[in-house]
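Novice: Below you'll find model.cif; it's mmCIF, C-alpha atoms.
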data_entry
#
loop_
_atom_site.group_PDB
_atom_site.id
_atom_site.type_symbol
_atom_site.label_atom_id
_atom_site.label_comp_id
_atom_site.auth_asym_id
_atom_site.auth_seq_id
_atom_site.Cartn_x
_atom_site.Cartn_y
_atom_site.Cartn_z
ATOM 1 C CA MET A 1 -36.075 -29.191 -5.526
ATOM 2 C CA GLU A 2 -36.478 -30.069 -1.840
ATOM 3 C CA LEU A 3 -37.275 -33.703 -2.596
ATOM 4 C CA PHE A 4 -34.323 -33.898 -4.962
ATOM 5 C CA ALA A 5 -31.996 -32.818 -2.117
ATOM 6 C CA ILE A 6 -33.345 -35.556 0.172
ATOM 7 C CA ALA A 7 -33.172 -38.209 -2.563
ATOM 8 C CA ALA A 8 -29.599 -37.220 -3.467
ATOM 9 C CA LEU A 9 -28.468 -37.421 0.176
ATOM 10 C CA THR A 10 -30.080 -40.838 0.581
ATOM 11 C CA HIS A 11 -28.611 -42.188 -2.660
ATOM 12 C CA GLU A 12 -25.136 -40.937 -1.733
ATOM 13 C CA GLU A 13 -25.275 -42.652 1.651
ATOM 14 C CA MET A 14 -26.633 -45.883 0.159
ATOM 15 C CA ALA A 15 -23.748 -45.958 -2.336
ATOM 16 C CA ARG A 16 -21.250 -45.868 0.543
ATOM 17 C CA VAL A 17 -22.588 -49.063 2.136
ATOM 18 C CA ASP A 18 -20.241 -51.952 1.356
ATOM 19 C CA LYS A 19 -22.657 -54.595 0.104
ATOM 20 C CA ARG A 20 -19.962 -57.292 0.282
ATOM 21 C CA LEU A 21 -20.134 -57.105 4.079
ATOM 22 C CA TYR A 22 -23.891 -57.636 4.048
ATOM 23 C CA LYS A 23 -24.279 -60.112 1.163
ATOM 24 C CA ASN A 24 -26.377 -62.570 3.229
ATOM 25 C CA LEU A 25 -28.791 -59.778 4.213
ATOM 26 C CA LEU A 26 -29.637 -58.445 0.755
ATOM 27 C CA ASP A 27 -33.299 -59.532 0.945
ATOM 28 C CA GLU A 28 -33.780 -57.932 4.349
ATOM 29 C CA CYS A 29 -33.668 -54.232 4.943
ATOM 30 C CA TYR A 30 -31.619 -53.297 8.008
ATOM 31 C CA PHE A 31 -30.631 -49.827 6.888
ATOM 32 C CA THR A 32 -32.923 -46.827 7.192
ATOM 33 C CA PHE A 33 -30.671 -43.947 6.021
ATOM 34 C CA PRO A 34 -32.371 -41.146 8.014
ATOM 35 C CA HIS A 35 -31.888 -37.478 7.079
ATOM 36 C CA LEU A 36 -32.988 -34.161 8.524
ATOM 37 C CA VAL A 37 -32.727 -31.103 6.279
ATOM 38 C CA PHE A 38 -33.328 -27.485 7.279
ATOM 39 C CA LEU A 39 -34.101 -25.262 4.278
ATOM 40 C CA MET A 40 -34.255 -21.487 4.387
ATOM 41 C CA ASP A 41 -34.624 -19.044 1.526
ATOM 42 C CA LYS A 42 -33.307 -15.486 1.312
ATOM 43 C CA PHE A 43 -36.708 -14.043 2.251
ATOM 44 C CA GLY A 44 -36.880 -15.836 5.607
ATOM 45 C CA GLY A 45 -39.134 -18.740 4.659
ATOM 46 C CA CYS A 46 -37.989 -22.046 6.090
ATOM 47 C CA ARG A 47 -39.100 -25.639 6.479
ATOM 48 C CA MET A 48 -37.780 -28.918 7.869
ATOM 49 C CA LEU A 49 -37.698 -32.144 5.858
ATOM 50 C CA GLN A 50 -37.185 -35.514 7.496
ATOM 51 C CA SER A 51 -36.749 -38.699 5.525
ATOM 52 C CA TYR A 52 -35.778 -42.323 5.828
ATOM 53 C CA PHE A 53 -35.388 -45.177 3.390
ATOM 54 C CA ASN A 54 -36.494 -48.708 4.241
ATOM 55 C CA GLY A 55 -37.084 -50.053 0.763
ATOM 56 C CA LYS A 56 -39.139 -46.944 -0.086
ATOM 57 C CA LEU A 57 -38.253 -43.308 0.471
ATOM 58 C CA HIS A 58 -40.490 -41.775 3.163
ATOM 59 C CA VAL A 59 -40.492 -37.976 3.486
ATOM 60 C CA GLN A 60 -42.195 -35.794 6.070
ATOM 61 C CA PHE A 61 -42.060 -32.016 6.018
ATOM 62 C CA SER A 62 -43.110 -29.108 8.158
ATOM 63 C CA GLU A 63 -45.255 -26.239 7.036
ATOM 64 C CA ILE A 64 -43.394 -23.285 5.570
ATOM 65 C CA LEU A 65 -42.559 -20.915 8.393
ATOM 66 C CA ASP A 66 -42.126 -17.194 7.761
ATOM 67 C CA LEU A 67 -39.102 -16.032 9.734
ATOM 68 C CA GLY A 68 -38.475 -12.974 7.565
ATOM 69 C CA HIS A 69 -39.776 -10.523 10.120
ATOM 70 C CA MET A 70 -37.386 -12.009 12.692
ATOM 71 C CA ILE A 71 -34.250 -11.202 10.715
ATOM 72 C CA ALA A 72 -33.153 -8.098 12.535
ATOM 73 C CA VAL A 73 -29.974 -6.637 13.946
ATOM 74 C CA PRO A 74 -30.578 -4.650 17.117
ATOM 75 C CA ALA A 75 -29.075 -1.212 17.499
ATOM 76 C CA TYR A 76 -26.478 -0.571 20.168
ATOM 77 C CA ARG A 77 -27.901 -1.337 23.643
ATOM 78 C CA GLN A 78 -31.202 -2.518 22.190
ATOM 79 C CA LYS A 79 -32.436 -6.041 22.904
ATOM 80 C CA TYR A 80 -33.418 -8.397 20.108
ATOM 81 C CA PHE A 81 -36.705 -9.367 21.781
ATOM 82 C CA ASP A 82 -37.702 -5.698 21.920
ATOM 83 C CA MET A 83 -37.651 -5.710 18.098
ATOM 84 C CA VAL A 84 -39.569 -8.928 17.374
ATOM 85 C CA ASP A 85 -42.721 -10.628 18.608
ATOM 86 C CA ARG A 86 -41.315 -12.815 21.401
ATOM 87 C CA LYS A 87 -44.316 -15.192 21.531
ATOM 88 C CA ASP A 88 -44.233 -15.821 17.767
ATOM 89 C CA PHE A 89 -40.451 -16.319 17.887
ATOM 90 C CA LEU A 90 -40.678 -18.888 20.685
ATOM 91 C CA GLU A 91 -43.555 -20.781 19.008
ATOM 92 C CA LYS A 92 -41.625 -21.127 15.755
ATOM 93 C CA LEU A 93 -38.409 -22.038 17.547
ATOM 94 C CA ASN A 94 -40.328 -24.681 19.513
ATOM 95 C CA LEU A 95 -41.707 -26.159 16.277
ATOM 96 C CA LEU A 96 -38.247 -26.302 14.676
ATOM 97 C CA LEU A 97 -36.773 -27.947 17.780
ATOM 98 C CA LYS A 98 -39.534 -30.570 17.811
ATOM 99 C CA TRP A 99 -38.461 -31.553 14.295
ATOM 100 C CA ALA A 100 -34.761 -31.547 15.187
ATOM 101 C CA TRP A 101 -35.130 -33.460 18.482
ATOM 102 C CA PRO A 102 -38.430 -35.361 18.359
ATOM 103 C CA ILE A 103 -39.849 -37.321 21.272
ATOM 104 C CA PRO A 104 -40.220 -40.966 20.185
ATOM 105 C CA GLN A 105 -43.694 -42.474 20.341
ATOM 106 C CA GLY A 106 -44.497 -46.187 20.588
ATOM 107 C CA ASN A 107 -42.071 -49.117 20.500
ATOM 108 C CA THR A 108 -38.788 -47.856 19.078
ATOM 109 C CA VAL A 109 -36.570 -50.747 20.187
ATOM 110 C CA ALA A 110 -38.170 -53.635 18.297
ATOM 111 C CA ASN A 111 -35.479 -55.289 16.192
ATOM 112 C CA VAL A 112 -37.632 -57.065 13.656
ATOM 113 C CA PRO A 113 -36.171 -57.145 10.127
ATOM 114 C CA ARG A 114 -38.539 -56.368 7.295
ATOM 115 C CA ASN A 115 -38.450 -58.504 4.159
ATOM 116 C CA TYR A 116 -38.774 -56.639 0.904
ATOM 117 C CA GLY A 117 -38.968 -58.196 -2.501
ATOM 118 C CA ASN A 118 -40.609 -61.414 -3.687
#
Spit out the file's structure as structure tokens when you get a sec.
Specialist:
Amino acid sequence: MELFAIAALTHEEMARVDKRLYKNLLDECYFTFPHLVFLMDKFGGCRMLQSYFNGKLHVQFSEILDLGHMIAVPAYRQKYFDMVDRKDFLEKLNLLLKWAWPIPQGNTVANVPRNYGN
């Protein structure tokens, strides 16, 4: 189901591209259609999926994180971090933020078109 969500988002975005504007570039892939999806179930399990399309659909995903024990509402005048394991909370939050705002590695400014097809 997770992969279907990513594929549907990518297909929807690809359908919006006006191919008449790019008719001389049809053999070269300039579009990547990136997506970041955060999935969480009702039991507190969550994962991040990141995908891009450059002629093939590439999908990366995080491990399933258990956040169920962190779903808590503190009583009046009680602090949230007194109820949950602060170290575990910060580690999982750090992992989710690394997926949402990654630090680029390598050459990310090269503008070299890739040819796909025959």
Novice: Smallest atom-to-atom distance to Leu57 of chain A: which of A:Gln105, A:Asn94, A:Gln78, A:Thr32, using only C-alpha atoms?
Specialist: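 The answer is A:Thr32, which sits nearest to Leu57 of chain A.
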Novice: Please determine the residues with any atom at most 12 Å from (-46.2, -27.1, 11.0) (coordinates as given in the file, with all atoms listed in the file counting) and report them as a PDB file with C-alpha atoms, in the coordinates of the input.
Specialist:
ATOM      1  CA  CYS A  46     -37.989 -22.046   6.090  1.00  0.00           C
ATOM      2  CA  ARG A  47     -39.100 -25.639   6.479  1.00  0.00           C
ATOM      3  CA  MET A  48     -37.780 -28.918   7.869  1.00  0.00           C
ATOM      4  CA  LEU A  49     -37.698 -32.144   5.858  1.00  0.00           C
ATOM      5  CA  GLN A  60     -42.195 -35.794   6.070  1.00  0.00           C
ATOM      6  CA  PHE A  61     -42.060 -32.016   6.018  1.00  0.00           C
ATOM      7  CA  SER A  62     -43.110 -29.108   8.158  1.00  0.00           C
ATOM      8  CA  GLU A  63     -45.255 -26.239   7.036  1.00  0.00           C
ATOM      9  CA  ILE A  64     -43.394 -23.285   5.570  1.00  0.00           C
ATOM     10  CA  LEU A  65     -42.559 -20.915   8.393  1.00  0.00           C
ATOM     11  CA  ASP A  66     -42.126 -17.194   7.761  1.00  0.00           C
ATOM     12  CA  GLU A  91     -43.555 -20.781  19.008  1.00  0.00           C
ATOM     13  CA  LYS A  92     -41.625 -21.127  15.755  1.00  0.00           C
ATOM     14  CA  LEU A  93     -38.409 -22.038  17.547  1.00  0.00           C
ATOM     15  CA  ASN A  94     -40.328 -24.681  19.513  1.00  0.00           C
ATOM     16  CA  LEU A  95     -41.707 -26.159  16.277  1.00  0.00           C
ATOM     17  CA  LEU A  96     -38.247 -26.302  14.676  1.00  0.00           C
ATOM     18  CA  LEU A  97     -36.773 -27.947  17.780  1.00  0.00           C
ATOM     19  CA  LYS A  98     -39.534 -30.570  17.811  1.00  0.00           C
ATOM     20  CA  TRP A  99     -38.461 -31.553  14.295  1.00  0.00           C
TER      21      TRP A  99
END
Novice: As an exercise, work out the distance from atom CA of Phe43 of chain A to atom CA of Lys79 of chain A in Å and give it to one decimal place.
Specialist: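 Pair atom CA of Phe43 of chain A / atom CA of Lys79 of chain A returns 22.6 Å.
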Novice: In Å, with one decimal, what is the gap from atom CA of Arg77 of chain A to atom CA of Gly44 of chain A?
Specialist: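 Interatomic distance, atom CA of Arg77 of chain A to atom CA of Gly44 of chain A: 24.8 Å.
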Novice: For the provided coordinates, the residues matched by the PyMOL selection byres ((chain A and resi 11) around 12) should be stated as number ranges by chain.
Specialist: A: 4-10, 12-17, 32-35, 52-53, 56-57
Novice: Counting only C-alpha atoms, find residues at most 12 Å from (-32.8, -8.2, 9.7) (file frame) and give them as number ranges by chain.
Specialist: A: 42-44, 67-75, 80, 83-84
Novice: Rank A:Asn107, A:Lys87, A:Ser51, A:Val59 by their smallest atom-to-atom distance to Leu36 of chain A, using only C-alpha atoms, and report the top residue only.
Specialist: A:Ser51
Novice: For segment 37-45 of chain A, I'd like the enclosing box, axis-aligned and padded by 3 Å on every side, reported as lines of an AutoDock Vina configuration file with centre and edge lengths in Å to one decimal.
Specialist:
center_x = -35.9
center_y = -22.6
center_z = 4.3
size_x = 12.4
size_y = 23.1
size_z = 12.0
Novice: Report, in Å to a single decimal, how far apart atom CA of Glu2 of chain A and atom CA of Asp41 of chain A are.
Specialist: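 That distance, rounded to one decimal, is 11.7 Å.
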Novice: Missing atoms in segment 57-71 of chain A: fill them in up to N, CA and C atoms and send the result as an mmCIF file, in the coordinates of the input.
Specialist:
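So the final result, stored in part39.cif, reads:
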data_model
loop_
_atom_site.group_PDB
_atom_site.id
_atom_site.type_symbol
_atom_site.label_atom_id
_atom_site.label_comp_id
_atom_site.auth_asym_id
_atom_site.auth_seq_id
_atom_site.Cartn_x
_atom_site.Cartn_y
_atom_site.Cartn_z
ATOM 1 N N LEU A 57 -38.640 -44.586 -0.116
ATOM 2 C CA LEU A 57 -38.253 -43.308 0.471
ATOM 3 C C LEU A 57 -39.481 -42.671 1.117
ATOM 4 N N HIS A 58 -39.413 -42.415 2.404
ATOM 5 C CA HIS A 58 -40.490 -41.775 3.163
ATOM 6 C C HIS A 58 -40.026 -40.361 3.519
ATOM 7 N N VAL A 59 -40.846 -39.371 3.216
ATOM 8 C CA VAL A 59 -40.492 -37.976 3.486
ATOM 9 C C VAL A 59 -41.623 -37.318 4.252
ATOM 10 N N GLN A 60 -41.257 -36.621 5.317
ATOM 11 C CA GLN A 60 -42.195 -35.794 6.070
ATOM 12 C C GLN A 60 -41.651 -34.379 6.042
ATOM 13 N N PHE A 61 -42.538 -33.391 6.065
ATOM 14 C CA PHE A 61 -42.060 -32.016 6.018
ATOM 15 C C PHE A 61 -42.969 -31.121 6.841
ATOM 16 N N SER A 62 -42.360 -30.077 7.370
ATOM 17 C CA SER A 62 -43.110 -29.108 8.158
ATOM 18 C C SER A 62 -43.800 -28.116 7.224
ATOM 19 N N GLU A 63 -44.671 -27.339 7.788
ATOM 20 C CA GLU A 63 -45.255 -26.239 7.036
ATOM 21 C C GLU A 63 -44.159 -25.197 6.781
ATOM 22 N N ILE A 64 -44.367 -24.346 5.819
ATOM 23 C CA ILE A 64 -43.394 -23.285 5.570
ATOM 24 C C ILE A 64 -43.586 -22.207 6.629
ATOM 25 N N LEU A 65 -42.516 -21.927 7.342
ATOM 26 C CA LEU A 65 -42.559 -20.915 8.393
ATOM 27 C C LEU A 65 -41.976 -19.613 7.865
ATOM 28 N N ASP A 66 -42.626 -18.503 8.181
ATOM 29 C CA ASP A 66 -42.126 -17.194 7.761
ATOM 30 C C ASP A 66 -41.304 -16.609 8.904
ATOM 31 N N LEU A 67 -39.994 -16.608 8.735
ATOM 32 C CA LEU A 67 -39.102 -16.032 9.734
ATOM 33 C C LEU A 67 -38.518 -14.707 9.259
ATOM 34 N N GLY A 68 -39.014 -14.203 8.147
ATOM 35 C CA GLY A 68 -38.475 -12.974 7.565
ATOM 36 C C GLY A 68 -38.553 -11.773 8.492
ATOM 37 N N HIS A 69 -39.634 -11.670 9.223
ATOM 38 C CA HIS A 69 -39.776 -10.523 10.120
ATOM 39 C C HIS A 69 -38.903 -10.651 11.365
ATOM 40 N N MET A 70 -38.259 -11.801 11.535
ATOM 41 C CA MET A 70 -37.386 -12.009 12.692
ATOM 42 C C MET A 70 -35.915 -11.790 12.357
ATOM 43 N N ILE A 71 -35.628 -11.490 11.101
ATOM 44 C CA ILE A 71 -34.250 -11.202 10.715
ATOM 45 C C ILE A 71 -34.018 -9.737 11.004
#
